[in-house]
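Novice: Quick one: the structure is below, questions incoming.
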Amino acid sequence: MKLLKYLIIFLLFNFGALAIGTWLMDNGPKAQWYLSLNKAPWTPDGWIFGAAWTTIMVCYSVYMTFLYLKDSSTKVKILFLIQFALNVFWNFVFFNQHLIYVGLLNIILLTIIISKFFFDYRKVLNVLSVLILPYLIWLCIATSLNLYIVIYN
């Protein structure tokens with residue numbers, strides 16, 4: 001019962017972050033500003049972003065549930081809240097404010113936080129640590145996309 005309770009809480013928080021981020025995008029990828037940018041040749045089609053983030057947040061919610069049940073320390077809570085804020089903030093600074101350099105810094109920091117989760121808690125979660133890898137891999141791809149935009153625009 002405790003497992004299900006925390007899983008629901010983390011699903012609500014993580015999908016809430018996606019919803020807030022989408023709301024802060026201000027038309028995001030459909031805006032003329034974004035459409036006119038020089039984008040990386042490996043930029044995925046729009047529908048892939050939705051599918052990727054859905055998968056990532058389900059896996060990350062399961063990961064956080066098991067981690068929180070094993071270690072509900074202040075460090076875990078702070079890392080989670082920083083991750084939440086950076087995840088939401090990137091949408092606002094990149095798509096809404098068009099601050100591509102700030103967006104790049106933001107996504108690099110987010111990648112560091114998710115890497116920290118992976119490396120600091122892999123011995124605590126053992127094989128369950130693979131659940132955070134989709135998030136980490138996607139952030140590496142997203143960072144490369146943001147960097148390309150910084151370099152070529």
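Going by the structure tokens order, chains are called A, B, ..., each with residues numbered from 1, while ligands are numbered from 1 in the order shown.
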Residues at most 8 Å from stretch 134-148 of chain A, counting only C-alpha atoms, excluding those fewer than 2 positions away in the same chain, as a list in words?
Specialist: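 After dropping sequence-adjacent residues, the list is Lys39, Ala40, Trp42, Thr43, Ala52, Thr55, Ile56, Met57, Cys59, Tyr60, Ile100, Gly103, Leu104, Ile107, Ile108, Leu110, Thr111, Ile114, Ser115, Val130, Leu131, Ile132, Val150, Ile151 and Tyr152 of chain A.
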Novice: Keeping N, CA and C atoms for every residue in the selection just given, could you write it to a file as a PDB file, in the first residue's frame?
Specialist:
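Saved as result_7.pdb:
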ATOM      1  N   LYS A  39      17.812  23.959 -36.603  1.00  0.00           N
ATOM      2  CA  LYS A  39      17.786  22.864 -35.633  1.00  0.00           C
ATOM      3  C   LYS A  39      18.689  21.724 -36.095  1.00  0.00           C
ATOM      4  N   ALA A  40      19.124  20.946 -35.137  1.00  0.00           N
ATOM      5  CA  ALA A  40      20.005  19.809 -35.415  1.00  0.00           C
ATOM      6  C   ALA A  40      19.325  18.830 -36.363  1.00  0.00           C
ATOM      7  N   TRP A  42      19.326  15.786 -36.230  1.00  0.00           N
ATOM      8  CA  TRP A  42      18.800  14.653 -35.459  1.00  0.00           C
ATOM      9  C   TRP A  42      17.620  15.043 -34.560  1.00  0.00           C
ATOM     10  N   THR A  43      17.068  16.238 -34.772  1.00  0.00           N
ATOM     11  CA  THR A  43      15.894  16.656 -34.000  1.00  0.00           C
ATOM     12  C   THR A  43      14.727  15.718 -34.318  1.00  0.00           C
ATOM     13  N   ALA A  52       8.384  10.154 -25.518  1.00  0.00           N
ATOM     14  CA  ALA A  52       9.600  10.039 -24.701  1.00  0.00           C
ATOM     15  C   ALA A  52       9.346  10.518 -23.278  1.00  0.00           C
ATOM     16  N   THR A  55       7.183   8.101 -21.201  1.00  0.00           N
ATOM     17  CA  THR A  55       7.978   6.951 -20.770  1.00  0.00           C
ATOM     18  C   THR A  55       8.956   7.348 -19.671  1.00  0.00           C
ATOM     19  N   ILE A  56       9.636   8.454 -19.877  1.00  0.00           N
ATOM     20  CA  ILE A  56      10.626   8.931 -18.910  1.00  0.00           C
ATOM     21  C   ILE A  56       9.988   9.176 -17.549  1.00  0.00           C
ATOM     22  N   MET A  57       8.847   9.845 -17.522  1.00  0.00           N
ATOM     23  CA  MET A  57       8.230  10.187 -16.249  1.00  0.00           C
ATOM     24  C   MET A  57       7.626   8.983 -15.535  1.00  0.00           C
ATOM     25  N   CYS A  59       8.968   5.900 -15.757  1.00  0.00           N
ATOM     26  CA  CYS A  59      10.172   5.237 -15.221  1.00  0.00           C
ATOM     27  C   CYS A  59      10.751   6.016 -14.042  1.00  0.00           C
ATOM     28  N   TYR A  60      10.822   7.330 -14.173  1.00  0.00           N
ATOM     29  CA  TYR A  60      11.387   8.166 -13.108  1.00  0.00           C
ATOM     30  C   TYR A  60      10.514   8.128 -11.858  1.00  0.00           C
ATOM     31  N   ILE A 100      18.090  30.980 -25.194  1.00  0.00           N
ATOM     32  CA  ILE A 100      18.664  29.680 -25.529  1.00  0.00           C
ATOM     33  C   ILE A 100      19.934  29.380 -24.732  1.00  0.00           C
ATOM     34  N   GLY A 103      18.719  28.422 -21.342  1.00  0.00           N
ATOM     35  CA  GLY A 103      18.148  27.087 -21.508  1.00  0.00           C
ATOM     36  C   GLY A 103      19.229  26.019 -21.519  1.00  0.00           C
ATOM     37  N   LEU A 104      20.336  26.298 -22.207  1.00  0.00           N
ATOM     38  CA  LEU A 104      21.445  25.344 -22.253  1.00  0.00           C
ATOM     39  C   LEU A 104      22.040  25.140 -20.862  1.00  0.00           C
ATOM     40  N   ILE A 107      19.564  23.036 -18.819  1.00  0.00           N
ATOM     41  CA  ILE A 107      19.503  21.610 -19.145  1.00  0.00           C
ATOM     42  C   ILE A 107      20.794  20.882 -18.754  1.00  0.00           C
ATOM     43  N   ILE A 108      21.912  21.586 -18.774  1.00  0.00           N
ATOM     44  CA  ILE A 108      23.163  20.987 -18.291  1.00  0.00           C
ATOM     45  C   ILE A 108      23.050  20.721 -16.781  1.00  0.00           C
ATOM     46  N   LEU A 110      20.299  20.260 -15.109  1.00  0.00           N
ATOM     47  CA  LEU A 110      19.338  19.170 -14.946  1.00  0.00           C
ATOM     48  C   LEU A 110      20.004  17.816 -15.219  1.00  0.00           C
ATOM     49  N   THR A 111      20.836  17.764 -16.222  1.00  0.00           N
ATOM     50  CA  THR A 111      21.562  16.534 -16.542  1.00  0.00           C
ATOM     51  C   THR A 111      22.500  16.147 -15.399  1.00  0.00           C
ATOM     52  N   ILE A 114      20.311  14.651 -12.538  1.00  0.00           N
ATOM     53  CA  ILE A 114      19.871  13.286 -12.836  1.00  0.00           C
ATOM     54  C   ILE A 114      21.061  12.323 -12.809  1.00  0.00           C
ATOM     55  N   SER A 115      22.221  12.768 -13.260  1.00  0.00           N
ATOM     56  CA  SER A 115      23.436  11.946 -13.162  1.00  0.00           C
ATOM     57  C   SER A 115      23.794  11.684 -11.708  1.00  0.00           C
ATOM     58  N   VAL A 130      18.379   1.323 -13.415  1.00  0.00           N
ATOM     59  CA  VAL A 130      18.168   1.442 -14.862  1.00  0.00           C
ATOM     60  C   VAL A 130      16.931   2.293 -15.175  1.00  0.00           C
ATOM     61  N   LEU A 131      16.040   2.433 -14.213  1.00  0.00           N
ATOM     62  CA  LEU A 131      14.820   3.210 -14.448  1.00  0.00           C
ATOM     63  C   LEU A 131      15.077   4.695 -14.649  1.00  0.00           C
ATOM     64  N   ILE A 132      16.224   5.184 -14.223  1.00  0.00           N
ATOM     65  CA  ILE A 132      16.537   6.599 -14.423  1.00  0.00           C
ATOM     66  C   ILE A 132      17.319   6.830 -15.726  1.00  0.00           C
ATOM     67  N   VAL A 150      22.185  26.844 -29.962  1.00  0.00           N
ATOM     68  CA  VAL A 150      23.054  27.923 -29.498  1.00  0.00           C
ATOM     69  C   VAL A 150      24.158  28.209 -30.514  1.00  0.00           C
ATOM     70  N   ILE A 151      24.768  27.171 -31.038  1.00  0.00           N
ATOM     71  CA  ILE A 151      25.882  27.337 -31.970  1.00  0.00           C
ATOM     72  C   ILE A 151      25.445  27.880 -33.325  1.00  0.00           C
ATOM     73  N   TYR A 152      24.319  27.422 -33.843  1.00  0.00           N
ATOM     74  CA  TYR A 152      23.940  27.734 -35.226  1.00  0.00           C
ATOM     75  C   TYR A 152      22.848  28.786 -35.373  1.00  0.00           C
TER      76      TYR A 152
END
Novice: For atom CA of A:Asn153 and atom CA of A:His98, determine how far apart the two atoms are, in Å to one decimal place.
Specialist: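 Going from atom CA of A:Asn153 over to atom CA of A:His98 covers 11.5 Å.
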Novice: If you run DSSP on this backbone, which residues of chain A come out as alpha helix (DSSP H), and could you give them as a count of residues only?
Specialist: 116
Novice: With only C-alpha atoms as the counted atoms, please give the residues lying no more than 8 Å from A:Tyr34, apart from itself and same-chain residues fewer than 5 positions off, as JSON, numbers by chain.
Specialist: {"A": [28, 29, 95]}
Novice: Store the residues of this selection in a file with N, CA and C atoms, as a short mmCIF file (atom, residue, chain, number, x, y, z; two decimals), in the first residue's frame.
Specialist:
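result_26.cif was written with the following content:
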data_model
loop_
_atom_site.label_atom_id
_atom_site.label_comp_id
_atom_site.auth_asym_id
_atom_site.auth_seq_id
_atom_site.Cartn_x
_atom_site.Cartn_y
_atom_site.Cartn_z
N GLY A 28 5.24 26.95 -27.60
CA GLY A 28 6.46 26.18 -27.77
C GLY A 28 6.90 25.84 -29.17
N PRO A 29 6.95 24.56 -29.49
CA PRO A 29 7.49 24.11 -30.77
C PRO A 29 6.67 24.52 -31.99
N PHE A 95 11.49 28.24 -24.54
CA PHE A 95 10.39 28.49 -25.48
C PHE A 95 9.68 29.81 -25.26
#
Novice: Using atom CA of A:Tyr121 and atom CA of A:Lys70 as the two end points, give the distance in Å to one decimal.
Specialist: 10.0 Å
Novice: From the list A:Leu67, A:Ala31, A:Leu79, A:Leu109, which residue is nearest A:Asn126 when using only C-alpha atoms?
Specialist: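 For A:Asn126, the nearest of the given residues is A:Leu67.
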Novice: Counting only C-alpha atoms, figure out which residue out of A:Asn27, A:Thr65, A:Asn38, A:Ser73 gets nearest to A:Leu12.
Specialist: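 Smallest distance to A:Leu12 is found for A:Thr65.
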Novice: Quick one: of A:Ala51, A:Leu24, A:Val124, A:Leu105, who's nearest to A:Asp71, counting only C-alpha atoms?
Specialist: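 Under the stated criterion, the closest residue is A:Val124.
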